[in-house]
There are 4 protein chains.
Amino acid sequence: MAKKLWGGRFKKSIDKDFEEFSKSIQYDYKLAKYDIYHSKIHALALKNSGILTAAESKKIITVLDGILGNIESGDFKFNSTSEDIHTEIQNFLEKKVGKLALKLHTLRSRNDQVVFDAKWFCKFEAVQIICLLNELEKNLQTISRKHKDKAFIGYTHTQRAQVVRFDDYINAYYFMFKRDFQRVSKFFDGLNVYIGAGALAGSSLTKDAYDQAASYLLDKMKELSKIVKPVENSLDNVSDRDFIVEFLSILSIIQMHLSRFSEDMILYSTQEFNYIDLPEEFCTGSSLMPHKKNPDFLELVRGYTGQVNGNLIAVLTTMKGLPLTYNRDMQLDKEPLFSSVEILKNELKIMAKFVKGIKIKEEIIAKALEDECLYATELAEFLVHENVAFKEAHDIVGKLIRYSQDKKVKIREISDKQLRGFHKALNQKEIKKIMTPQYAIKSKKSINRKVLKINA
Amino acid sequence: MAKKLWGGRFKKSIDKDFEEFSKSIQYDYKLAKYDIYHSKIHALALKNSGILTAAESKKIITVLDGILGNIESGDFKFNSTSEDIHTEIQNFLEKKVGKLALKLHTLRSRNDQVVFDAKWFCKFEAVQIICLLNELEKNLQTISRKHKDKAFIGYTHTQRAQVVRFDDYINAYYFMFKRDFQRVSKFFDGLNVYIGAGALAGSSLTKDAYDQAASYLLDKMKELSKIVKPVENSLDNVSDRDFIVEFLSILSIIQMHLSRFSEDMILYSTQEFNYIDLPEEFCTGSSLMPHKKNPDFLELVRGYTGQVNGNLIAVLTTMKGLPLTYNRDMQLDKEPLFSSVEILKNELKIMAKFVKGIKIKEEIIAKALEDECLYATELAEFLVHENVAFKEAHDIVGKLIRYSQDKKVKIREISDKQLRGFHKALNQKEIKKIMTPQYAIKSKKSINRKVLKINA
Amino acid sequence: MAKKLWGGRFKKSIDKDFEEFSKSIQYDYKLAKYDIYHSKIHALALKNSGILTAAESKKIITVLDGILGNIESGDFKFNSTSEDIHTEIQNFLEKKVGKLALKLHTLRSRNDQVVFDAKWFCKFEAVQIICLLNELEKNLQTISRKHKDKAFIGYTHTQRAQVVRFDDYINAYYFMFKRDFQRVSKFFDGLNVYIGAGALAGSSLTKDAYDQAASYLLDKMKELSKIVKPVENSLDNVSDRDFIVEFLSILSIIQMHLSRFSEDMILYSTQEFNYIDLPEEFCTGSSLMPHKKNPDFLELVRGYTGQVNGNLIAVLTTMKGLPLTYNRDMQLDKEPLFSSVEILKNELKIMAKFVKGIKIKEEIIAKALEDECLYATELAEFLVHENVAFKEAHDIVGKLIRYSQDKKVKIREISDKQLRGFHKALNQKEIKKIMTPQYAIKSKKSINRKVLKINA
Amino acid sequence: MAKKLWGGRFKKSIDKDFEEFSKSIQYDYKLAKYDIYHSKIHALALKNSGILTAAESKKIITVLDGILGNIESGDFKFNSTSEDIHTEIQNFLEKKVGKLALKLHTLRSRNDQVVFDAKWFCKFEAVQIICLLNELEKNLQTISRKHKDKAFIGYTHTQRAQVVRFDDYINAYYFMFKRDFQRVSKFFDGLNVYIGAGALAGSSLTKDAYDQAASYLLDKMKELSKIVKPVENSLDNVSDRDFIVEFLSILSIIQMHLSRFSEDMILYSTQEFNYIDLPEEFCTGSSLMPHKKNPDFLELVRGYTGQVNGNLIAVLTTMKGLPLTYNRDMQLDKEPLFSSVEILKNELKIMAKFVKGIKIKEEIIAKALEDECLYATELAEFLVHENVAFKEAHDIVGKLIRYSQDKKVKIREISDKQLRGFHKALNQKEIKKIMTPQYAIKSKKSINRKVLKINA
């Protein structure tokens with residue numbers, strides 16, 4: 001069992017089952033990179049305060065940079081018996097520089113480190129998700145432009161409603177992911193990473209010592225300077241998990257959009273709807289039924305809504321009613337966070353490829369667009385322009401449809417005489433003009449599509 | 001049973017149980033005000049498009065303004081047999097202006113109205129919550145200024161940790177609510193209210209007709225112009241419930257903060273902690289136990305975390321996997337939204353008064369500050385400045401505490417000789433200086449409190 | 001504001017906003033009936049203990065019975081300014097019998113009453129739900145018997161999979177609701193209602209006094225005797241909310257089943273699937289689109305999954321980490337409980353009627369059953385009996401389907417010569433025999449349908 | 001990449017990212033044991049049906065038994081590139097017996113296997129949890145017997161309420177875990193494992209072939225015969241995840257109890273309450289603060305409520321609105337299930353040890369029992385026996401307490417004369433008798449402790 005960062009006052013050694021139960025290295029190793037950033041800033045701040053010499057500080061930072069390199073190249077081997085990532089890096093440092101390593105943990109606390117690390121993780125992953133959303137948006141735009149002005153069947157209540165433009169349909173999702181993009185961006189912008197809270201009470205290093213250390217290192221990393229600031233309220237800083245809940249709730253909204261898109265694609269690729277051919281490389285077959293081409297990717301995306309929402313509720317529940325400041329319960333914020341980030345990154349990455357492979361079955365769609373019900377609203381609108389109050393027009397068309405269904409005759413084929421029985425302005429010629437996708441689409445004038453042009 | 005806005009094609013009348021089950025008037029009456037705004041803009045847009053005459057439009061708007069007045073004065077009697085608020089207002093209008101009322105529902109859909117109404121509701125309530133947060137922040141600031149520089153016991157793991165400043169403790173909550181304030185503000189700023197989506201496909205009224213109508217009316221209402229815009233994607237607009245999930249998740253974060261503050265206050269007002277005297281007017285007694293003064297308000301606040309998180313998960317679950325565009329499931333977004341808004345407004349309003357009534361028991365706190373453990377970290381820091389590596393200093397102090405507990409002797413009272421056995425730099429005089437609240441507080445230099453001064 | 005059951009030690013009067021916030025009469029009035037049962041037993045127990053005279057006890061019980069009658073007839077007017085239902089009934093009693101009423105609240109606590117009331121509520125509502133499930137099961141059985149042996153399209157992944165029996169399809173839901181029936185029944189059986197816990201510590205009335213009182217009254221009510229027992233652990237009794245979580249989780253499972261049935265019915269009633277005609281009296285139209293017949297009932301049922309799951313998580317969250325024994329947080333268990341019970345009762349009641357109105361479109365189904373893919377598995381099974389390893393048979397049929405799709409030729413119409421190219425045992429005659437619903441159904445022999453016969 | 005169980009009709013190979021995304025071997029390897037049971041029964045059923053010869057069946061079963069041995073000894077190396085555990089075992093078998101292995105997958109489907117495996121997993125783990133609950137109950141009983149008849153401070157609202165028996169306090173938790181024990185037991189009893197559903201439609205093997213195979217093997221395993229039955233409704237069987245939701249909700253209730261016990265122990269081990277000394281081997285220190293002994297185990301238990309509730313909501317959400325029968329979404333039921341089972345097993349195991357290490361600080365408790373407020377109810381009860389209506393008695397004692405607090409005088413020390421001012425029956429002698437733990441405990445007669453004796 002690896003060394004711990006505490007223990008002086010304890011007589012009994014830790015229970016083995018509890019030790020295993022309480023360890024976090026198996027997941028918080030993902031924070032290694034950010035923990036080293038904390039250590040580097042802290043080493044410099046200790047130097048700025050005269051607790052480390054320039055040589056000591058340099059030695060520590062050099063070794064830390066070595067670890068960082070190994071982590072980034074995947075060569076760092078985490079010791080699974082360490083208590084957590086903070087202990088792991090401290091222990092590794094000790095192996096390299098001996099007793100000097102002990103000085104690094106002067107005047108700092110894991111309470112401060114873990115929130116620093118987790119925030120930087122969130123900032124880093126937010127950028128990844130922004131890029132993935134951007135790629136998905138781009139690919140949706142490509143489809144929508146390709147099918148510009150084509151007609152499609154618009155649904156409400158999963159029932160055929162009205163003719164819509166196919167690009168509007170695809171862009172509905174584009175708009176959703178764009179809002180997501182903005183939400184993640186705002187989250188990124190608003191997230192401040194602090195240092196210097198100690199366990200809860202601050203430390204005897206000055207805020208300037210931290211500030212200069214952070215500025216110096218961030219400059220060298222070519223990071224946006226001032227991403228790290230001296231703590232403004234140390235109790236709040238070690239207690240705060242808002243940023244995790246906020247990130248998880250944003251991811252839940254993205255997930256909601258992905259689940260809806262998946263549902264649409266599942267529906268549209270059934271043998272019954274049949275509007276769309278799914279890219280085979282994202283489908284699977286059956287071990288029993290040789291003919292199956294199942295939309296497994298879409299189903300998994302839809303299904304992951306459970307886990308992503310579960311992760312959000314997990315952290316909210318864990319945080320309920322915790323007294324200030326840090327409590328160990330908070331350790332359990334990380335698995336839900338890592339899980340949702342991982343799921344969303346995978347989904348977005350694959351979905352961006354997936355949408356490129358979708359094939360639109362234009363003949364089938366054209367056939368469906370012949371359904372006369374799709375033009376009922378246009379027919380009613382026509383009557384409005386003949387000075388019929390809409391509610392009456394609505395009634396007239398309702399009756400016309402019922403007549404058509406009861407008599408099993410197409411509205412387009414009802415005689416002028418009979419049509420006049422419903423309303424004097426109705427006749428076959430007019431109806432045949434109105435009941436076309438082109439007419440339906442052209443008659444819509446309320447939509448401001450300028451926004452899209454600006455983005456193009 | 002009140003008249004409905006649909007029905008032409010239906011032969012059978014609606015099942016009575018289903019009708020009752022599907023009604024929403026019992027809660028969506030809360031949207032009445034905003035539904036009238038929609039109707040007024042729509043009436044003007046119809047006039048701008050030549051479907052209503054100027055006189056007709058004026059007549060409708062006058063009656064709508066009358067209803068609005070009655071709603072605001074509380075005089076409007078909602079008919080509980082109406083299907084929903086949109087139908088209710090339409091029916092009321094019909095009673096007043098007869099057949100003309102039927103013309104108002106031309107080229108619009110409840111799908112468009114309900115999202116318009118709900119967004120405006122969110123914008124309005126966001127402002128209320130911003131004001132309530134502001135009041136609470138102000139009152140927290142008042143306490144923190146009053147007790148400026150006083151020492152308090154800082155906890156981690158509900159165990160005494162270190163001495164902290166009392167104003168820092170209170171300001172930890174101030175910082176939380178300030179972040180909440182910013183989150184609600186950003187939500188308000190980012191929320192656009194659209195009009196003209198029809199059922200899903202837009203309408204034959206032009207975007208300019210809507211734009212001019214909205215601008216004209218918003219000017220008259222002295223609202224920030226451009227709060228209402230012509231729809232940019234009509235399918236997305238009637239499908240979108242992001243704003244509800246976003247608002248609910250912000251409210252869940254506020255609730256998390258309130259639950260933590262409540263927990264602290266519950267703890268601090270126990271007979272055992274006893275740091276704080278709760279204002280009697282927010283406590284209740286027991287029907288059986290005559291001596292009880294129970295922190296019921298705080299318990300209810302803590303307990304409401306369940307409902308507030310439940311409301312968030314309810315909407316996320318309802319929205320999972322819904323195909324585009326509108327589905328009736330979405331009607332069920334409103335009760336959770338209204339519930340969380342109501343709970344949070346009540347909690348914030350009462351909490352702002354509650355915090356003003358809190359009394360700090362300074363003697364008890366002073367007594368607790370004598371606990372020597374609270375100064376262990378300062379002692380270790382002292383050794384660091386005597387050139388002891390922190391981890392060693394940590395061990396030395398750990399052993400000193402164990403010795404003190406085993407021998408039942410105060411550290412302050414251990415002889416110089418014995419102290420030197422732990423470390424040569426230790427002596428009674430030094431220890432007595434270090435182990436004071438004043439020293440502990442002064443020794444913390446890492447905190448940047450400038451932000452607070454700027455806000456003051 | 002109505003009188004309270006506590007207050008002796010309080011100097012300040014309660015804050016009005018807090019009073020309003022903390023009231024529960026607006027929902028716990030639903031417990032009135034059960035609260036009177038508690039009062040009656042308690043009155044008798046007080047008599048058995050010599051604290052009330054026989055005459056006093058009788059007088060109190062007579063008045064309580066009068067209230068009970070009024071509640072059941074709907075004539076009781078709840079005073080909305082009362083703190084809760086316990087206070088309300090106490091106050092009402094006082095109006096009728098004056099100071100004698102004060103004696104009733106001797107040695108009892110609302111902590112004991114509220115858990116007694118809530119448990120009895122659960123027992124009562126469990127019976128209602130059992131009956132509603134029974135009705136739904138019966139109606140599903142009616143459909144399944146009516147369509148016995150008819151073939152239907154079985155789906156996996158929302159893709160056509162294999163031919164199944166229509167009665168098996170309907171009975172899949174029958175089996176789900178039967179499990180629900182058993183779950184609710186077991187819950188009912190395992191739920192014990194206790195009395196005599198006081199606030200938390202028990203009371204000075206003897207367990208025999210309670211036991212005799214309960215037995216006497218339950219006998220008179222012709223209730224299953226021993227539904228109420230003297231408390232076995234008073235601290236647990238006032239702390240326990242297991243039964244609410246258990247009931248809510250059972251309701252969530254029923255809700256899951258209802259949401260799946262609704263999804264199936266929504267799909268099958270689309271213009272694209274079109275297997276089923278929904279009963280018009282459970283559908284609604286559109287205010288804009290005259291042709292719409294929307295499956296609103298099914299959508300609302302599906303959508304309510306959010307609220308029902310939210311209610312479960314609400315109570316679980318509220319109960320997290322509450323110290324023993326009673327805490328005011330627990331008051332918030334009731335609204336989620338009442339909400340889920342109400343939703344499920346409505347859904348089950350309407351769904352039982354709904355399923356009776358479903359019409360199966362046999363011609364459309366017959367047409368869909370011609371899809372050759374549905375018989376792929378049967379074809380592979382045939383090859384297995386010709387000594388082909390299944391995995392090879394699976395491959396052969398997979399290639400046959402691909403060939404059929406690429407060449408746009410039906411498998412039934414491929415020549416014997418070409419068929420032999422895939423496998424020597426294949427020929428048109430055999431294939432035409434296999435590719436029929438009758439063959440597909442008859443070939444399945446693994447299912448034990450005896451259970452259903454036993455229930456019939 | 002390992003071989004798959006499907007693919008004949010596919011032209012393109014699977015996308016690598018999607019393949020990785022959709023794999024389940026990294027967690028469903030936990031089902032290996034149960035999957036082999038399925039395979040063994042299936043091999044026998046194929047033999048019973050003449051599809052495998054006796055020799056073939058024996059060969060397959062022998063190899064499967066070999067794998068089983070390796071799994072149980074931990075020697076089986078899972079190939080992480082396999083799609084899932086079913087494929088993995090099939091592939092392994094193929095390596096050992098060549099083409100014969102292909103015959104095993106005849107007429108069965110992973111849809112049938114996975115539900116078989118998961119149910120058996122639940123049955124197995126339910127037994128583990130039953131044993132762990134039993135151990136915890138036993139250890140709680142040991143404490144409660146050891147401290148039989150000792151007095152303790154009973155709390156409501158985290159405020160001192162009344163004196164209670166310490167064993168009653170501990171037994172409150174005993175009762176909770178006993179209910180949990182019964183819930184898990186009933187779950188175990190009611191869970192049936194079926195075989196023979198195929199993908200959804202059953203198979204051409206007869207129910208007798210399955211029945212005999214299962215009976216034969218279960219006999220050999222000395223399992224309770226008839227744990228496995230031929231399927232009764234094949235569509236329901238592959239669609240059903242009730243058992244997972246049911247198990248997860250039972251685990252959530254256990255978790256609720258554990259979180260409450262943890263909260264109590266955290267409170268009671270603060271420096272302020274100080275009733276209890278926690279076993280050091282389950283606590284941790286601080287890397288910064290040398291004196292800390294933090295209740296980390298208890299905090300982690302309390303915190304895990306988030307994840308356990310999140311897992312429940314995850315599966316409920318995933319299952320919402322899934323059409324029949326199997327959908328790939330359902331694959332995501334396993335991680336939440338495994339996670340909650342793992343957490344609960346760890347918590348229960350450690351908690352059973354933890355409670356044995358708790359030390360009761362009797363002196364501190366004795367001191368707290370001097371608090372006069374604890375006897376307020378007994379004082380009121382005394383007045384009741386002097387013929388004062390309880391509500392009046394409640395008022396009198398309330399005033400007495402306020403007097404005592406205002407004058408800072410103990411009630412025990414108020415003069416007889418002054419006491420009579422509150423009520424004529426009050427005097428110092430009586431009060432000194434009543435205000436003792438012994439009196440308080442003895443005066444409670446309503447509790448039926450027989451149940452505990454029966455269990456002893």
# chains A, B, ... in the order shown; residues from 1 in each chain; ligands from 1
>>> closest_atom_pairs(of="chain D", to="chain B", cutoff="9 Å", atoms="only C-alpha atoms", output="tab-separated table")
residue	atom	partner	partner_atom	distance
D:Thr156	CA	B:Asn294	CA	8.3
D:His157	CA	B:Asn294	CA	6.0
D:Thr158	CA	B:Thr270	CA	6.7
D:Gln159	CA	B:Thr270	CA	5.8
D:Arg160	CA	B:Gln271	CA	7.3
D:Ala161	CA	B:Lys292	CA	7.1
D:Gln162	CA	B:Met289	CA	8.1
D:Ile266	CA	B:Thr158	CA	7.3
D:Leu267	CA	B:Thr158	CA	7.7
D:Ser269	CA	B:Gln159	CA	8.5
D:Thr270	CA	B:Gln159	CA	5.7
D:Gln271	CA	B:Gln159	CA	6.9
D:Glu272	CA	B:Glu272	CA	5.3
D:Phe273	CA	B:Glu272	CA	5.5
D:Asn274	CA	B:Glu272	CA	8.9
D:Ser287	CA	B:His394	CA	7.8
D:Leu288	CA	B:Thr377	CA	6.6
D:Met289	CA	B:Thr377	CA	5.0
D:Pro290	CA	B:Gly398	CA	4.8
D:His291	CA	B:Gly398	CA	5.7
D:Lys292	CA	B:Ala161	CA	7.1
D:Lys293	CA	B:Gln159	CA	7.9
D:Asn294	CA	B:His157	CA	6.0
D:Pro295	CA	B:His157	CA	6.9
D:Asp296	CA	B:His157	CA	7.5
D:Glu299	CA	B:His157	CA	7.6
D:Ile313	CA	B:Ile313	CA	8.7
D:Thr317	CA	B:Thr317	CA	6.1
D:Thr318	CA	B:Lys320	CA	8.8
D:Lys320	CA	B:Thr317	CA	8.0
D:Gly321	CA	B:Gly321	CA	8.4
D:Cys373	CA	B:His291	CA	5.9
D:Leu374	CA	B:His291	CA	8.1
D:Tyr375	CA	B:Met289	CA	8.8
D:Ala376	CA	B:Pro290	CA	6.1
D:Thr377	CA	B:Met289	CA	5.0
D:Glu378	CA	B:Met289	CA	8.8
D:Ala380	CA	B:Pro290	CA	7.8
D:Phe390	CA	B:Leu288	CA	8.5
D:Lys391	CA	B:Ser287	CA	8.0
D:Ala393	CA	B:Pro290	CA	8.6
D:His394	CA	B:Pro290	CA	5.2
D:Asp395	CA	B:Pro290	CA	6.9
D:Ile396	CA	B:Pro290	CA	8.4
D:Val397	CA	B:Pro290	CA	5.9
D:Gly398	CA	B:Pro290	CA	4.7
D:Lys399	CA	B:Pro290	CA	8.5
D:Ile401	CA	B:His291	CA	6.4
D:Arg402	CA	B:His291	CA	8.3
>>> closest_atom_pairs(of="range 282-375 of chain A", to="range 173-193 of chain B", cutoff="12 Å", atoms="only C-alpha atoms", output="CSV")
residue,atom,partner,partner_atom,distance
A:Pro323,CA,B:Tyr173,CA,11.4
A:Leu324,CA,B:Tyr173,CA,9.5
A:Thr325,CA,B:Tyr173,CA,10.8
>>> write_last_selection(atoms="N, CA, C and O atoms", output="PDB file, in the first residue's frame")
ATOM      1  N   PRO A 323     -23.099  20.447   5.144  1.00  0.00           N
ATOM      2  CA  PRO A 323     -22.643  21.637   5.871  1.00  0.00           C
ATOM      3  C   PRO A 323     -21.332  22.125   5.273  1.00  0.00           C
ATOM      4  O   PRO A 323     -20.602  21.349   4.641  1.00  0.00           O
ATOM      5  N   LEU A 324     -21.030  23.404   5.467  1.00  0.00           N
ATOM      6  CA  LEU A 324     -19.727  23.913   5.016  1.00  0.00           C
ATOM      7  C   LEU A 324     -18.640  23.262   5.876  1.00  0.00           C
ATOM      8  O   LEU A 324     -18.870  22.928   7.008  1.00  0.00           O
ATOM      9  N   THR A 325     -17.441  23.069   5.378  1.00  0.00           N
ATOM     10  CA  THR A 325     -17.029  23.376   4.029  1.00  0.00           C
ATOM     11  C   THR A 325     -16.872  22.072   3.254  1.00  0.00           C
ATOM     12  O   THR A 325     -17.859  21.538   2.799  1.00  0.00           O
TER      13      THR A 325
END
>>> select_by_dssp(residues="range 171-327 of chain A", states="strand (DSSP E or B)", output="PyMOL selection string")
chain A and resi 193-195+228-230+276-277+284+294
>>> residues_around(residues="Ser339 in chain C", least_positions_apart="5", cutoff="12 Å", atoms="only C-alpha atoms", output="PyMOL selection string")
(chain B and resi 307+335-336) or (chain C and resi 27-28+30+248+251-252+304-312+314-315+332-334+344-346)
>>> residues_around(residues="Ile350 in chain B", least_positions_apart="5", cutoff="9 Å", atoms="only C-alpha atoms", output="list in words")
Phe282, Phe297, Lys345 and Val355 of chain B; Asp15, Asp17, Phe18 and Phe21 of chain C
>>> write_last_selection(atoms="all heavy atoms", output="PDB file, in the first residue's frame")
ATOM      1  N   PHE B 282     -39.777  32.112  12.987  1.00  0.00           N
ATOM      2  CA  PHE B 282     -39.610  31.163  11.880  1.00  0.00           C
ATOM      3  C   PHE B 282     -39.433  29.732  12.397  1.00  0.00           C
ATOM      4  O   PHE B 282     -38.969  28.850  11.682  1.00  0.00           O
ATOM      5  CB  PHE B 282     -38.411  31.552  11.014  1.00  0.00           C
ATOM      6  CG  PHE B 282     -38.568  32.896  10.383  1.00  0.00           C
ATOM      7  CD1 PHE B 282     -37.996  34.023  10.951  1.00  0.00           C
ATOM      8  CD2 PHE B 282     -39.330  33.041   9.231  1.00  0.00           C
ATOM      9  CE1 PHE B 282     -38.173  35.273  10.376  1.00  0.00           C
ATOM     10  CE2 PHE B 282     -39.499  34.288   8.655  1.00  0.00           C
ATOM     11  CZ  PHE B 282     -38.925  35.412   9.227  1.00  0.00           C
ATOM     12  N   PHE B 297     -38.573  25.949   9.491  1.00  0.00           N
ATOM     13  CA  PHE B 297     -38.360  26.627   8.204  1.00  0.00           C
ATOM     14  C   PHE B 297     -37.139  26.046   7.500  1.00  0.00           C
ATOM     15  O   PHE B 297     -37.179  25.714   6.310  1.00  0.00           O
ATOM     16  CB  PHE B 297     -38.199  28.138   8.407  1.00  0.00           C
ATOM     17  CG  PHE B 297     -37.748  28.845   7.164  1.00  0.00           C
ATOM     18  CD1 PHE B 297     -38.511  28.783   6.010  1.00  0.00           C
ATOM     19  CD2 PHE B 297     -36.546  29.549   7.127  1.00  0.00           C
ATOM     20  CE1 PHE B 297     -38.090  29.414   4.845  1.00  0.00           C
ATOM     21  CE2 PHE B 297     -36.120  30.177   5.977  1.00  0.00           C
ATOM     22  CZ  PHE B 297     -36.895  30.110   4.827  1.00  0.00           C
ATOM     23  N   LYS B 345     -39.146  31.050  -4.890  1.00  0.00           N
ATOM     24  CA  LYS B 345     -39.534  32.424  -4.532  1.00  0.00           C
ATOM     25  C   LYS B 345     -39.898  32.502  -3.050  1.00  0.00           C
ATOM     26  O   LYS B 345     -39.472  33.420  -2.343  1.00  0.00           O
ATOM     27  CB  LYS B 345     -40.689  32.901  -5.414  1.00  0.00           C
ATOM     28  CG  LYS B 345     -40.223  33.416  -6.770  1.00  0.00           C
ATOM     29  CD  LYS B 345     -41.348  33.564  -7.777  1.00  0.00           C
ATOM     30  CE  LYS B 345     -42.448  34.472  -7.313  1.00  0.00           C
ATOM     31  NZ  LYS B 345     -43.537  34.548  -8.324  1.00  0.00           N
ATOM     32  N   VAL B 355     -32.541  35.551   7.837  1.00  0.00           N
ATOM     33  CA  VAL B 355     -31.137  35.816   8.187  1.00  0.00           C
ATOM     34  C   VAL B 355     -30.998  37.097   9.009  1.00  0.00           C
ATOM     35  O   VAL B 355     -30.081  37.209   9.819  1.00  0.00           O
ATOM     36  CB  VAL B 355     -30.203  35.872   6.949  1.00  0.00           C
ATOM     37  CG1 VAL B 355     -30.207  34.548   6.207  1.00  0.00           C
ATOM     38  CG2 VAL B 355     -30.566  37.006   6.011  1.00  0.00           C
TER      39      VAL B 355
ATOM     40  N   ASP C  15     -44.166  34.305  11.728  1.00  0.00           N
ATOM     41  CA  ASP C  15     -44.103  35.134  10.521  1.00  0.00           C
ATOM     42  C   ASP C  15     -45.151  34.656   9.522  1.00  0.00           C
ATOM     43  O   ASP C  15     -45.278  33.457   9.261  1.00  0.00           O
ATOM     44  CB  ASP C  15     -42.700  35.015   9.896  1.00  0.00           C
ATOM     45  CG  ASP C  15     -42.578  35.780   8.595  1.00  0.00           C
ATOM     46  OD1 ASP C  15     -42.302  36.985   8.637  1.00  0.00           O
ATOM     47  OD2 ASP C  15     -42.773  35.149   7.529  1.00  0.00           O
ATOM     48  N   ASP C  17     -45.510  34.888   6.242  1.00  0.00           N
ATOM     49  CA  ASP C  17     -45.044  34.187   5.043  1.00  0.00           C
ATOM     50  C   ASP C  17     -44.592  32.763   5.379  1.00  0.00           C
ATOM     51  O   ASP C  17     -44.859  31.824   4.639  1.00  0.00           O
ATOM     52  CB  ASP C  17     -43.869  34.937   4.388  1.00  0.00           C
ATOM     53  CG  ASP C  17     -44.330  36.212   3.712  1.00  0.00           C
ATOM     54  OD1 ASP C  17     -45.414  36.197   3.111  1.00  0.00           O
ATOM     55  OD2 ASP C  17     -43.598  37.215   3.790  1.00  0.00           O
ATOM     56  N   PHE C  18     -43.901  32.635   6.497  1.00  0.00           N
ATOM     57  CA  PHE C  18     -43.466  31.304   6.921  1.00  0.00           C
ATOM     58  C   PHE C  18     -44.674  30.419   7.245  1.00  0.00           C
ATOM     59  O   PHE C  18     -44.720  29.247   6.899  1.00  0.00           O
ATOM     60  CB  PHE C  18     -42.529  31.421   8.129  1.00  0.00           C
ATOM     61  CG  PHE C  18     -42.310  30.124   8.839  1.00  0.00           C
ATOM     62  CD1 PHE C  18     -41.912  28.979   8.140  1.00  0.00           C
ATOM     63  CD2 PHE C  18     -42.504  30.025  10.214  1.00  0.00           C
ATOM     64  CE1 PHE C  18     -41.720  27.769   8.802  1.00  0.00           C
ATOM     65  CE2 PHE C  18     -42.312  28.815  10.866  1.00  0.00           C
ATOM     66  CZ  PHE C  18     -41.930  27.686  10.162  1.00  0.00           C
ATOM     67  N   PHE C  21     -46.045  29.220   4.113  1.00  0.00           N
ATOM     68  CA  PHE C  21     -45.063  28.310   3.504  1.00  0.00           C
ATOM     69  C   PHE C  21     -45.098  26.921   4.136  1.00  0.00           C
ATOM     70  O   PHE C  21     -44.892  25.909   3.476  1.00  0.00           O
ATOM     71  CB  PHE C  21     -43.668  28.921   3.683  1.00  0.00           C
ATOM     72  CG  PHE C  21     -42.519  28.122   3.139  1.00  0.00           C
ATOM     73  CD1 PHE C  21     -42.354  27.954   1.772  1.00  0.00           C
ATOM     74  CD2 PHE C  21     -41.580  27.548   3.995  1.00  0.00           C
ATOM     75  CE1 PHE C  21     -41.268  27.227   1.255  1.00  0.00           C
ATOM     76  CE2 PHE C  21     -40.503  26.823   3.499  1.00  0.00           C
ATOM     77  CZ  PHE C  21     -40.350  26.656   2.132  1.00  0.00           C
TER      78      PHE C  21
END
>>> residues_around(residues="range 407-417 of chain A", least_positions_apart="5", cutoff="7 Å", atoms="only C-alpha atoms", output="VMD selection string")
chain A and resid 427 to 428 431 to 432
